[in-house]
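Next comes entry-v4.tsv, a file with TSV, N, CA and C atoms and all ligand atoms.
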chain	number	residue	atom	x	y	z
A	1	MET	N	14.78	-62.92	-24.87
A	1	MET	CA	15.00	-63.74	-26.05
A	1	MET	C	13.88	-64.77	-26.24
A	2	ARG	N	13.29	-65.26	-25.13
A	2	ARG	CA	12.24	-66.27	-25.24
A	2	ARG	C	11.02	-65.75	-26.00
A	3	HIS	N	10.73	-64.48	-25.86
A	3	HIS	CA	9.58	-63.93	-26.56
A	3	HIS	C	9.85	-63.81	-28.07
A	4	GLN	N	11.10	-64.03	-28.49
A	4	GLN	CA	11.46	-63.92	-29.91
A	4	GLN	C	11.52	-65.27	-30.60
A	5	ILE	N	11.22	-66.34	-29.89
A	5	ILE	CA	11.39	-67.68	-30.45
A	5	ILE	C	10.55	-67.87	-31.71
A	6	ASP	N	9.29	-67.51	-31.65
A	6	ASP	CA	8.42	-67.71	-32.80
A	6	ASP	C	8.94	-66.92	-34.00
A	7	ALA	N	9.30	-65.66	-33.78
A	7	ALA	CA	9.83	-64.82	-34.87
A	7	ALA	C	11.16	-65.35	-35.37
A	8	TYR	N	11.97	-65.91	-34.47
A	8	TYR	CA	13.26	-66.49	-34.85
A	8	TYR	C	13.06	-67.69	-35.77
A	9	LEU	N	12.08	-68.53	-35.43
A	9	LEU	CA	11.87	-69.76	-36.21
A	9	LEU	C	11.16	-69.52	-37.54
A	10	ARG	N	10.33	-68.49	-37.62
A	10	ARG	CA	9.48	-68.28	-38.80
A	10	ARG	C	10.26	-68.30	-40.13
A	11	PRO	N	11.41	-67.63	-40.24
A	11	PRO	CA	12.11	-67.64	-41.54
A	11	PRO	C	12.57	-69.03	-42.00
A	12	PHE	N	12.67	-69.98	-41.08
A	12	PHE	CA	13.08	-71.32	-41.48
A	12	PHE	C	11.95	-72.07	-42.18
A	13	GLN	N	10.74	-71.56	-42.06
A	13	GLN	CA	9.57	-72.12	-42.75
A	13	GLN	C	9.41	-73.62	-42.49
A	14	LEU	N	9.53	-73.98	-41.23
A	14	LEU	CA	9.32	-75.37	-40.86
A	14	LEU	C	7.85	-75.74	-41.03
A	15	ASN	N	7.61	-77.01	-41.23
A	15	ASN	CA	6.25	-77.53	-41.16
A	15	ASN	C	5.63	-77.00	-39.86
A	16	GLN	N	4.36	-76.64	-39.89
A	16	GLN	CA	3.73	-75.97	-38.74
A	16	GLN	C	3.87	-76.79	-37.45
A	17	LEU	N	3.64	-78.08	-37.53
A	17	LEU	CA	3.74	-78.92	-36.33
A	17	LEU	C	5.18	-78.96	-35.81
A	18	LEU	N	6.14	-79.07	-36.73
A	18	LEU	CA	7.55	-79.09	-36.30
A	18	LEU	C	7.95	-77.73	-35.74
A	19	HIS	N	7.41	-76.67	-36.32
A	19	HIS	CA	7.66	-75.31	-35.79
A	19	HIS	C	7.17	-75.24	-34.34
A	20	GLU	N	5.97	-75.72	-34.09
A	20	GLU	CA	5.40	-75.65	-32.74
A	20	GLU	C	6.21	-76.47	-31.74
A	21	HIS	N	6.59	-77.68	-32.15
A	21	HIS	CA	7.39	-78.51	-31.24
A	21	HIS	C	8.78	-77.90	-31.00
A	22	THR	N	9.38	-77.37	-32.05
A	22	THR	CA	10.70	-76.74	-31.89
A	22	THR	C	10.60	-75.52	-30.98
A	23	ALA	N	9.56	-74.73	-31.16
A	23	ALA	CA	9.36	-73.56	-30.30
A	23	ALA	C	9.20	-73.99	-28.85
A	24	HIS	N	8.48	-75.07	-28.63
A	24	HIS	CA	8.31	-75.56	-27.25
A	24	HIS	C	9.66	-75.96	-26.65
A	25	VAL	N	10.43	-76.73	-27.41
A	25	VAL	CA	11.74	-77.17	-26.90
A	25	VAL	C	12.61	-75.95	-26.61
A	26	LEU	N	12.68	-75.02	-27.55
A	26	LEU	CA	13.52	-73.83	-27.34
A	26	LEU	C	13.07	-73.05	-26.10
A	27	SER	N	11.76	-73.04	-25.86
A	27	SER	CA	11.22	-72.22	-24.76
A	27	SER	C	11.66	-72.69	-23.38
A	28	VAL	N	12.13	-73.92	-23.27
A	28	VAL	CA	12.54	-74.42	-21.96
A	28	VAL	C	14.05	-74.62	-21.84
A	29	LEU	N	14.79	-74.25	-22.86
A	29	LEU	CA	16.25	-74.41	-22.78
A	29	LEU	C	16.84	-73.42	-21.78
A	30	PRO	N	17.95	-73.79	-21.15
A	30	PRO	CA	18.65	-72.84	-20.29
A	30	PRO	C	19.05	-71.60	-21.10
A	31	ASP	N	19.15	-70.46	-20.42
A	31	ASP	CA	19.46	-69.20	-21.11
A	31	ASP	C	20.71	-69.28	-21.98
A	32	GLU	N	21.79	-69.88	-21.45
A	32	GLU	CA	23.03	-69.91	-22.22
A	32	GLU	C	22.92	-70.77	-23.48
A	33	VAL	N	22.11	-71.81	-23.40
A	33	VAL	CA	21.92	-72.66	-24.58
A	33	VAL	C	21.05	-71.93	-25.60
A	34	LEU	N	19.99	-71.28	-25.11
A	34	LEU	CA	19.11	-70.54	-26.02
A	34	LEU	C	19.90	-69.43	-26.73
A	35	SER	N	20.76	-68.74	-26.00
A	35	SER	CA	21.58	-67.70	-26.61
A	35	SER	C	22.53	-68.29	-27.66
A	36	ASP	N	23.07	-69.45	-27.36
A	36	ASP	CA	23.97	-70.10	-28.32
A	36	ASP	C	23.22	-70.49	-29.58
A	37	VAL	N	22.02	-71.05	-29.42
A	37	VAL	CA	21.25	-71.53	-30.57
A	37	VAL	C	20.74	-70.35	-31.41
A	38	MET	N	20.19	-69.35	-30.74
A	38	MET	CA	19.55	-68.24	-31.46
A	38	MET	C	20.51	-67.09	-31.74
A	39	GLY	N	21.68	-67.13	-31.14
A	39	GLY	CA	22.61	-66.02	-31.31
A	39	GLY	C	23.34	-66.08	-32.64
A	40	GLU	N	24.26	-65.19	-32.79
A	40	GLU	CA	25.05	-65.13	-34.03
A	40	GLU	C	26.48	-65.52	-33.72
A	41	PRO	N	27.10	-66.51	-34.27
A	41	PRO	CA	26.52	-67.40	-35.27
A	41	PRO	C	25.67	-68.47	-34.58
A	42	GLY	N	24.46	-68.60	-35.02
A	42	GLY	CA	23.56	-69.54	-34.39
A	42	GLY	C	23.38	-70.80	-35.20
A	43	VAL	N	22.23	-71.36	-35.04
A	43	VAL	CA	21.91	-72.64	-35.65
A	43	VAL	C	20.82	-72.44	-36.69
A	44	LEU	N	20.93	-73.14	-37.80
A	44	LEU	CA	19.88	-73.12	-38.80
A	44	LEU	C	18.99	-74.35	-38.60
A	45	PHE	N	17.71	-74.17	-38.81
A	45	PHE	CA	16.76	-75.28	-38.75
A	45	PHE	C	16.17	-75.49	-40.13
A	46	CYS	N	15.92	-76.74	-40.48
A	46	CYS	CA	15.16	-77.01	-41.70
A	46	CYS	C	14.44	-78.34	-41.53
A	47	ASP	N	13.38	-78.50	-42.31
A	47	ASP	CA	12.74	-79.81	-42.36
A	47	ASP	C	12.88	-80.32	-43.78
A	48	ILE	N	12.93	-81.63	-43.88
A	48	ILE	CA	13.13	-82.24	-45.19
A	48	ILE	C	12.10	-83.32	-45.43
A	49	ASP	N	11.78	-83.48	-46.69
A	49	ASP	CA	10.91	-84.56	-47.13
A	49	ASP	C	11.85	-85.65	-47.63
A	50	ALA	N	12.16	-86.59	-46.75
A	50	ALA	CA	13.22	-87.56	-47.03
A	50	ALA	C	12.72	-88.83	-47.70
A	51	ARG	N	11.75	-88.69	-48.62
A	51	ARG	CA	11.28	-89.87	-49.35
A	51	ARG	C	12.27	-90.21	-50.47
A	52	PRO	N	12.34	-91.49	-50.83
A	52	PRO	CA	13.22	-91.87	-51.94
A	52	PRO	C	12.88	-91.07	-53.20
A	53	GLY	N	13.88	-90.58	-53.86
A	53	GLY	CA	13.68	-89.84	-55.10
A	53	GLY	C	13.44	-88.35	-54.92
A	54	VAL	N	13.23	-87.92	-53.69
A	54	VAL	CA	13.01	-86.50	-53.43
A	54	VAL	C	14.36	-85.85	-53.12
A	55	ILE	N	14.66	-84.81	-53.86
A	55	ILE	CA	15.91	-84.09	-53.65
A	55	ILE	C	15.66	-82.94	-52.69
A	56	PHE	N	16.48	-82.83	-51.67
A	56	PHE	CA	16.32	-81.74	-50.72
A	56	PHE	C	17.67	-81.08	-50.48
A	57	GLN	N	17.60	-79.85	-50.01
A	57	GLN	CA	18.81	-79.11	-49.70
A	57	GLN	C	18.82	-78.79	-48.21
A	58	VAL	N	19.96	-78.88	-47.61
A	58	VAL	CA	20.12	-78.52	-46.20
A	58	VAL	C	20.91	-77.22	-46.14
A	59	PRO	N	20.28	-76.16	-45.63
A	59	PRO	CA	21.02	-74.89	-45.53
A	59	PRO	C	22.11	-74.97	-44.46
A	60	VAL	N	23.24	-74.40	-44.74
A	60	VAL	CA	24.35	-74.37	-43.80
A	60	VAL	C	24.96	-72.98	-43.82
A	61	LYS	N	25.14	-72.40	-42.65
A	61	LYS	CA	25.82	-71.12	-42.58
A	61	LYS	C	27.30	-71.33	-42.87
A	62	SER	N	27.93	-70.30	-43.35
A	62	SER	CA	29.37	-70.37	-43.54
A	62	SER	C	30.03	-70.45	-42.17
A	63	PRO	N	30.95	-71.38	-42.01
A	63	PRO	CA	31.66	-71.42	-40.73
A	63	PRO	C	32.47	-70.14	-40.53
A	64	THR	N	32.55	-69.73	-39.30
A	64	THR	CA	33.34	-68.54	-38.97
A	64	THR	C	34.60	-68.98	-38.26
A	65	CYS	N	35.51	-68.06	-38.07
A	65	CYS	CA	36.74	-68.38	-37.37
A	65	CYS	C	36.39	-68.86	-35.96
A	66	GLY	N	36.67	-70.10	-35.69
A	66	GLY	CA	36.38	-70.65	-34.37
A	66	GLY	C	34.93	-71.06	-34.18
A	67	GLY	N	34.10	-70.89	-35.22
A	67	GLY	CA	32.68	-71.24	-35.09
A	67	GLY	C	32.26	-72.19	-36.19
A	68	ALA	N	31.70	-73.31	-35.80
A	68	ALA	CA	31.27	-74.30	-36.78
A	68	ALA	C	29.93	-73.89	-37.39
A	69	ALA	N	29.68	-74.34	-38.61
A	69	ALA	CA	28.35	-74.20	-39.21
A	69	ALA	C	27.48	-75.27	-38.57
A	70	ARG	N	26.32	-74.88	-38.10
A	70	ARG	CA	25.47	-75.84	-37.39
A	70	ARG	C	24.05	-75.79	-37.94
A	71	SER	N	23.52	-76.95	-38.27
A	71	SER	CA	22.16	-77.05	-38.77
A	71	SER	C	21.43	-78.16	-38.02
A	72	VAL	N	20.17	-77.94	-37.75
A	72	VAL	CA	19.30	-78.98	-37.20
A	72	VAL	C	18.32	-79.36	-38.31
A	73	VAL	N	18.43	-80.60	-38.75
A	73	VAL	CA	17.62	-81.09	-39.87
A	73	VAL	C	16.57	-82.05	-39.31
A	74	LEU	N	15.31	-81.76	-39.59
A	74	LEU	CA	14.20	-82.55	-39.07
A	74	LEU	C	13.43	-83.17	-40.24
A	75	LYS	N	13.23	-84.46	-40.19
A	75	LYS	CA	12.43	-85.11	-41.23
A	75	LYS	C	10.95	-84.81	-40.97
A	76	ARG	N	10.22	-84.53	-42.04
A	76	ARG	CA	8.78	-84.24	-41.88
A	76	ARG	C	8.01	-85.46	-41.39
A	77	THR	N	8.58	-86.65	-41.55
A	77	THR	CA	7.90	-87.85	-41.06
A	77	THR	C	7.79	-87.81	-39.54
A	78	LEU	N	8.55	-86.94	-38.89
A	78	LEU	CA	8.42	-86.78	-37.43
A	78	LEU	C	7.00	-86.41	-37.04
A	79	CYS	N	6.30	-85.74	-37.94
A	79	CYS	CA	4.94	-85.29	-37.63
A	79	CYS	C	4.00	-86.46	-37.31
A	80	ARG	N	4.39	-87.65	-37.71
A	80	ARG	CA	3.54	-88.82	-37.46
A	80	ARG	C	3.95	-89.55	-36.19
A	81	ARG	N	4.92	-89.04	-35.48
A	81	ARG	CA	5.44	-89.72	-34.29
A	81	ARG	C	4.82	-89.12	-33.02
A	82	PRO	N	4.88	-89.87	-31.91
A	82	PRO	CA	4.34	-89.35	-30.64
A	82	PRO	C	5.08	-88.08	-30.19
A	83	VAL	N	4.35	-87.23	-29.49
A	83	VAL	CA	4.89	-85.93	-29.07
A	83	VAL	C	6.19	-86.08	-28.28
A	84	ASP	N	6.25	-87.03	-27.34
A	84	ASP	CA	7.47	-87.15	-26.52
A	84	ASP	C	8.67	-87.54	-27.37
A	85	PHE	N	8.44	-88.34	-28.40
A	85	PHE	CA	9.53	-88.70	-29.30
A	85	PHE	C	9.98	-87.49	-30.10
A	86	VAL	N	9.03	-86.75	-30.65
A	86	VAL	CA	9.36	-85.58	-31.49
A	86	VAL	C	10.16	-84.57	-30.69
A	87	ARG	N	9.69	-84.27	-29.49
A	87	ARG	CA	10.39	-83.26	-28.68
A	87	ARG	C	11.75	-83.75	-28.21
A	88	TRP	N	11.86	-85.05	-27.87
A	88	TRP	CA	13.16	-85.59	-27.51
A	88	TRP	C	14.11	-85.45	-28.69
A	89	LEU	N	13.66	-85.83	-29.89
A	89	LEU	CA	14.55	-85.79	-31.05
A	89	LEU	C	15.00	-84.36	-31.35
A	90	ILE	N	14.08	-83.41	-31.28
A	90	ILE	CA	14.45	-82.01	-31.52
A	90	ILE	C	15.47	-81.56	-30.47
A	91	ALA	N	15.21	-81.88	-29.21
A	91	ALA	CA	16.15	-81.51	-28.14
A	91	ALA	C	17.51	-82.19	-28.35
A	92	HIS	N	17.48	-83.46	-28.74
A	92	HIS	CA	18.71	-84.21	-29.01
A	92	HIS	C	19.50	-83.54	-30.13
A	93	GLU	N	18.84	-83.15	-31.19
A	93	GLU	CA	19.54	-82.51	-32.32
A	93	GLU	C	20.05	-81.12	-31.93
A	94	ILE	N	19.28	-80.40	-31.15
A	94	ILE	CA	19.76	-79.10	-30.66
A	94	ILE	C	20.99	-79.30	-29.77
A	95	ALA	N	20.97	-80.36	-28.97
A	95	ALA	CA	22.12	-80.65	-28.12
A	95	ALA	C	23.36	-80.93	-28.97
A	96	HIS	N	23.19	-81.69	-30.05
A	96	HIS	CA	24.33	-81.91	-30.95
A	96	HIS	C	24.86	-80.57	-31.46
A	97	ALA	N	23.96	-79.70	-31.88
A	97	ALA	CA	24.39	-78.40	-32.40
A	97	ALA	C	25.09	-77.59	-31.32
A	98	HIS	N	24.53	-77.59	-30.13
A	98	HIS	CA	25.12	-76.85	-29.01
A	98	HIS	C	26.51	-77.39	-28.67
A	99	LEU	N	26.65	-78.70	-28.73
A	99	LEU	CA	27.94	-79.35	-28.41
A	99	LEU	C	28.86	-79.42	-29.62
A	100	LYS	N	28.41	-78.83	-30.73
A	100	LYS	CA	29.19	-78.83	-31.98
A	100	LYS	C	29.57	-80.27	-32.36
A	101	ASN	N	28.57	-81.15	-32.21
A	101	ASN	CA	28.70	-82.57	-32.55
A	101	ASN	C	29.81	-83.28	-31.77
A	102	GLY	N	30.17	-82.74	-30.65
A	102	GLY	CA	31.16	-83.38	-29.78
A	102	GLY	C	30.50	-83.87	-28.51
A	103	GLY	N	31.33	-84.23	-27.57
A	103	GLY	CA	30.84	-84.65	-26.27
A	103	GLY	C	30.94	-83.51	-25.27
A	104	ARG	N	30.61	-83.82	-24.03
A	104	ARG	CA	30.69	-82.80	-22.99
A	104	ARG	C	32.11	-82.65	-22.48
A	105	TRP	N	32.90	-83.66	-22.68
A	105	TRP	CA	34.30	-83.64	-22.27
A	105	TRP	C	35.08	-84.54	-23.22
A	106	GLU	N	36.40	-84.49	-23.16
A	106	GLU	CA	37.25	-85.29	-24.02
A	106	GLU	C	36.90	-86.77	-23.87
A	107	GLY	N	36.62	-87.41	-24.99
A	107	GLY	CA	36.31	-88.83	-24.97
A	107	GLY	C	34.84	-89.16	-24.73
A	108	ASP	N	34.01	-88.14	-24.44
A	108	ASP	CA	32.59	-88.38	-24.20
A	108	ASP	C	31.91	-88.74	-25.52
A	109	ASP	N	31.04	-89.74	-25.49
A	109	ASP	CA	30.31	-90.16	-26.68
A	109	ASP	C	29.29	-89.07	-27.05
A	110	PRO	N	29.36	-88.54	-28.29
A	110	PRO	CA	28.45	-87.47	-28.68
A	110	PRO	C	26.97	-87.85	-28.60
A	111	GLU	N	26.63	-89.09	-28.86
A	111	GLU	CA	25.23	-89.51	-28.78
A	111	GLU	C	24.74	-89.54	-27.33
A	112	LEU	N	25.58	-90.08	-26.45
A	112	LEU	CA	25.21	-90.10	-25.03
A	112	LEU	C	25.14	-88.68	-24.49
A	113	ALA	N	26.06	-87.83	-24.94
A	113	ALA	CA	26.07	-86.44	-24.49
A	113	ALA	C	24.80	-85.72	-24.92
A	114	ALA	N	24.38	-85.93	-26.17
A	114	ALA	CA	23.16	-85.28	-26.67
A	114	ALA	C	21.94	-85.78	-25.90
A	115	ASP	N	21.89	-87.07	-25.63
A	115	ASP	CA	20.78	-87.61	-24.85
A	115	ASP	C	20.78	-87.05	-23.43
A	116	ALA	N	21.95	-86.94	-22.83
A	116	ALA	CA	22.03	-86.43	-21.45
A	116	ALA	C	21.58	-84.98	-21.38
A	117	LEU	N	22.01	-84.16	-22.35
A	117	LEU	CA	21.57	-82.76	-22.35
A	117	LEU	C	20.07	-82.67	-22.57
A	118	ALA	N	19.57	-83.44	-23.54
A	118	ALA	CA	18.13	-83.42	-23.81
A	118	ALA	C	17.35	-83.79	-22.55
A	119	ALA	N	17.82	-84.80	-21.84
A	119	ALA	CA	17.14	-85.21	-20.59
A	119	ALA	C	17.22	-84.11	-19.54
A	120	ASP	N	18.39	-83.45	-19.45
A	120	ASP	CA	18.53	-82.33	-18.50
A	120	ASP	C	17.53	-81.23	-18.80
A	121	TRP	N	17.20	-81.06	-20.06
A	121	TRP	CA	16.27	-80.01	-20.48
A	121	TRP	C	14.81	-80.45	-20.36
A	122	GLY	N	14.59	-81.70	-19.92
A	122	GLY	CA	13.23	-82.17	-19.74
A	122	GLY	C	12.70	-83.05	-20.85
A	123	PHE	N	13.62	-83.54	-21.70
A	123	PHE	CA	13.19	-84.38	-22.81
A	123	PHE	C	14.00	-85.69	-22.81
A	124	PRO	N	13.65	-86.61	-21.90
A	124	PRO	CA	14.37	-87.88	-21.85
A	124	PRO	C	14.09	-88.72	-23.09
A	125	ARG	N	15.08	-89.54	-23.44
A	125	ARG	CA	14.91	-90.44	-24.58
A	125	ARG	C	13.75	-91.39	-24.28
A	126	PRO	N	12.77	-91.47	-25.17
A	126	PRO	CA	11.65	-92.40	-24.94
A	126	PRO	C	12.18	-93.83	-24.81
A	127	LEU	N	11.51	-94.62	-24.00
A	127	LEU	CA	11.96	-95.99	-23.77
A	127	LEU	C	11.89	-96.84	-25.03
A	128	SER	N	10.89	-96.58	-25.85
A	128	SER	CA	10.78	-97.33	-27.11
A	128	SER	C	10.36	-96.38	-28.21
A	129	PHE	N	10.88	-96.64	-29.36
A	129	PHE	CA	10.46	-95.85	-30.54
A	129	PHE	C	10.77	-96.59	-31.80
B	1	ZN	ZN	22.34	-88.05	-32.23

Rewrite the coordinates I just gave you, this time as structure tokens.
Amino acid sequence: MRHQIDAYLRPFQLNQLLHEHTAHVLSVLPDEVLSDVMGEPGVLFCDIDARPGVIFQVPVKSPTCGGAARSVVLKRTLCRRPVDFVRWLIAHEIAHAHLKNGGRWEGDDPELAADALAADWGFPRPLSF
């Protein structure tokens, strides 16, 4: 599946830099997470131009029985941020999608859970941003 990452991401038509960073993050995910993200029903990726006055659409798959619709939305302004921040944020958002916006256990804070998974995958939250 790892050799299919680039082909998997291409239809999302991400900004080239965001495509490369997302491919890097995906390439180091544990097998079960990668299968969850790239499998069916998987996760949709998109980038948005989030300037005031710009209208954008976020693609969402139809939810399936027992399966949530999951999208990872990346602002194009990320391209101006340091690499460690960009990769942490992508990993953090993938973690939210993997956890279906929940925690790792009942009562777990979804934000802390996403940060913990991202760190486990090699993308710790930058100390300052
Ligand atoms: Zn978050």

Exercise answer, 10 Å around ligand ZN 1 (chain B) with only C-alpha atoms and all ligand atoms, as an mmCIF file with N, CA and C atoms, in the coordinates of the input:
data_model
loop_
_atom_site.group_PDB
_atom_site.id
_atom_site.type_symbol
_atom_site.label_atom_id
_atom_site.label_comp_id
_atom_site.auth_asym_id
_atom_site.auth_seq_id
_atom_site.Cartn_x
_atom_site.Cartn_y
_atom_site.Cartn_z
ATOM 1 N N LEU A 89 13.660 -85.830 -29.890
ATOM 2 C CA LEU A 89 14.550 -85.790 -31.050
ATOM 3 C C LEU A 89 15.000 -84.360 -31.350
ATOM 4 N N ILE A 90 14.080 -83.410 -31.280
ATOM 5 C CA ILE A 90 14.450 -82.010 -31.520
ATOM 6 C C ILE A 90 15.470 -81.560 -30.470
ATOM 7 N N ALA A 91 15.210 -81.880 -29.210
ATOM 8 C CA ALA A 91 16.150 -81.510 -28.140
ATOM 9 C C ALA A 91 17.510 -82.190 -28.350
ATOM 10 N N HIS A 92 17.480 -83.460 -28.740
ATOM 11 C CA HIS A 92 18.710 -84.210 -29.010
ATOM 12 C C HIS A 92 19.500 -83.540 -30.130
ATOM 13 N N GLU A 93 18.840 -83.150 -31.190
ATOM 14 C CA GLU A 93 19.540 -82.510 -32.320
ATOM 15 C C GLU A 93 20.050 -81.120 -31.930
ATOM 16 N N ILE A 94 19.280 -80.400 -31.150
ATOM 17 C CA ILE A 94 19.760 -79.100 -30.660
ATOM 18 C C ILE A 94 20.990 -79.300 -29.770
ATOM 19 N N ALA A 95 20.970 -80.360 -28.970
ATOM 20 C CA ALA A 95 22.120 -80.650 -28.120
ATOM 21 C C ALA A 95 23.360 -80.930 -28.970
ATOM 22 N N HIS A 96 23.190 -81.690 -30.050
ATOM 23 C CA HIS A 96 24.330 -81.910 -30.950
ATOM 24 C C HIS A 96 24.860 -80.570 -31.460
ATOM 25 N N ALA A 97 23.960 -79.700 -31.880
ATOM 26 C CA ALA A 97 24.390 -78.400 -32.400
ATOM 27 C C ALA A 97 25.090 -77.590 -31.320
ATOM 28 N N ASN A 101 28.570 -81.150 -32.210
ATOM 29 C CA ASN A 101 28.700 -82.570 -32.550
ATOM 30 C C ASN A 101 29.810 -83.280 -31.770
ATOM 31 N N ASP A 109 31.040 -89.740 -25.490
ATOM 32 C CA ASP A 109 30.310 -90.160 -26.680
ATOM 33 C C ASP A 109 29.290 -89.070 -27.050
ATOM 34 N N PRO A 110 29.360 -88.540 -28.290
ATOM 35 C CA PRO A 110 28.450 -87.470 -28.680
ATOM 36 C C PRO A 110 26.970 -87.850 -28.600
ATOM 37 N N GLU A 111 26.630 -89.090 -28.860
ATOM 38 C CA GLU A 111 25.230 -89.510 -28.780
ATOM 39 C C GLU A 111 24.740 -89.540 -27.330
ATOM 40 N N LEU A 112 25.580 -90.080 -26.450
ATOM 41 C CA LEU A 112 25.210 -90.100 -25.030
ATOM 42 C C LEU A 112 25.140 -88.680 -24.490
ATOM 43 N N ALA A 113 26.060 -87.830 -24.940
ATOM 44 C CA ALA A 113 26.070 -86.440 -24.490
ATOM 45 C C ALA A 113 24.800 -85.720 -24.920
ATOM 46 N N ALA A 114 24.380 -85.930 -26.170
ATOM 47 C CA ALA A 114 23.160 -85.280 -26.670
ATOM 48 C C ALA A 114 21.940 -85.780 -25.900
ATOM 49 N N ASP A 115 21.890 -87.070 -25.630
ATOM 50 C CA ASP A 115 20.780 -87.610 -24.850
ATOM 51 C C ASP A 115 20.780 -87.050 -23.430
#

Extract, using only C-alpha atoms, all DNA, RNA and protein residues at most 7 Å from A:Arg76, discarding same-chain residues fewer than 2 positions from it, and format them as a VMD selection string. chain A and resid 47 to 49 74 78 to 79

May I have all residues of chain A that DSSP, computed from the backbone, assigns to strand (DSSP E or B), given as a PyMOL selection string? chain A and resi 43-48+64+67+70-75

Compare A:Leu18, A:Arg10, A:Val83, A:Val33 by their minimum atom-to-atom distance to A:Leu117, counting only C-alpha atoms, and give me the closest one. A:Val33

Enter the distance from atom CA of A:Leu26 to atom CA of A:Leu9, in Å, rounded to one decimal.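 Between these atoms lies a distance of 9.9 Å.
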
Select, from A:Ser71, A:Thr77, A:Ile55, A:Trp88, the residue with the minimum atom-to-atom distance to A:Val25, counting only N, CA and C atoms.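 Using only N, CA and C atoms, A:Val25 sits closest to A:Trp88.
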
Excluding A:Pro59 and residues on its chain fewer than 3 positions from it, collect all residues at most 7 Å away from it, counting all atoms listed in the file, and give them as a PyMOL selection string. chain A and resi 44-46+70-71

Selected residues written out, N, CA and C atoms, as a PDB file, in the frame of the given file:
ATOM      1  N   LEU A  44      20.930 -73.140 -37.800  1.00  0.00           N
ATOM      2  CA  LEU A  44      19.880 -73.120 -38.800  1.00  0.00           C
ATOM      3  C   LEU A  44      18.990 -74.350 -38.600  1.00  0.00           C
ATOM      4  N   PHE A  45      17.710 -74.170 -38.810  1.00  0.00           N
ATOM      5  CA  PHE A  45      16.760 -75.280 -38.750  1.00  0.00           C
ATOM      6  C   PHE A  45      16.170 -75.490 -40.130  1.00  0.00           C
ATOM      7  N   CYS A  46      15.920 -76.740 -40.480  1.00  0.00           N
ATOM      8  CA  CYS A  46      15.160 -77.010 -41.700  1.00  0.00           C
ATOM      9  C   CYS A  46      14.440 -78.340 -41.530  1.00  0.00           C
ATOM     10  N   ARG A  70      26.320 -74.880 -38.100  1.00  0.00           N
ATOM     11  CA  ARG A  70      25.470 -75.840 -37.390  1.00  0.00           C
ATOM     12  C   ARG A  70      24.050 -75.790 -37.940  1.00  0.00           C
ATOM     13  N   SER A  71      23.520 -76.950 -38.270  1.00  0.00           N
ATOM     14  CA  SER A  71      22.160 -77.050 -38.770  1.00  0.00           C
ATOM     15  C   SER A  71      21.430 -78.160 -38.020  1.00  0.00           C
TER      16      SER A  71
END

Atom pair atom CA of A:Ser35 + atom CA of A:Phe56, distance 28.4 Å

Between atom CA of A:Tyr8 and atom CA of A:Arg87, measure the distance and give it in Å to one decimal.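 Here the two named atoms are 18.1 Å from each other.
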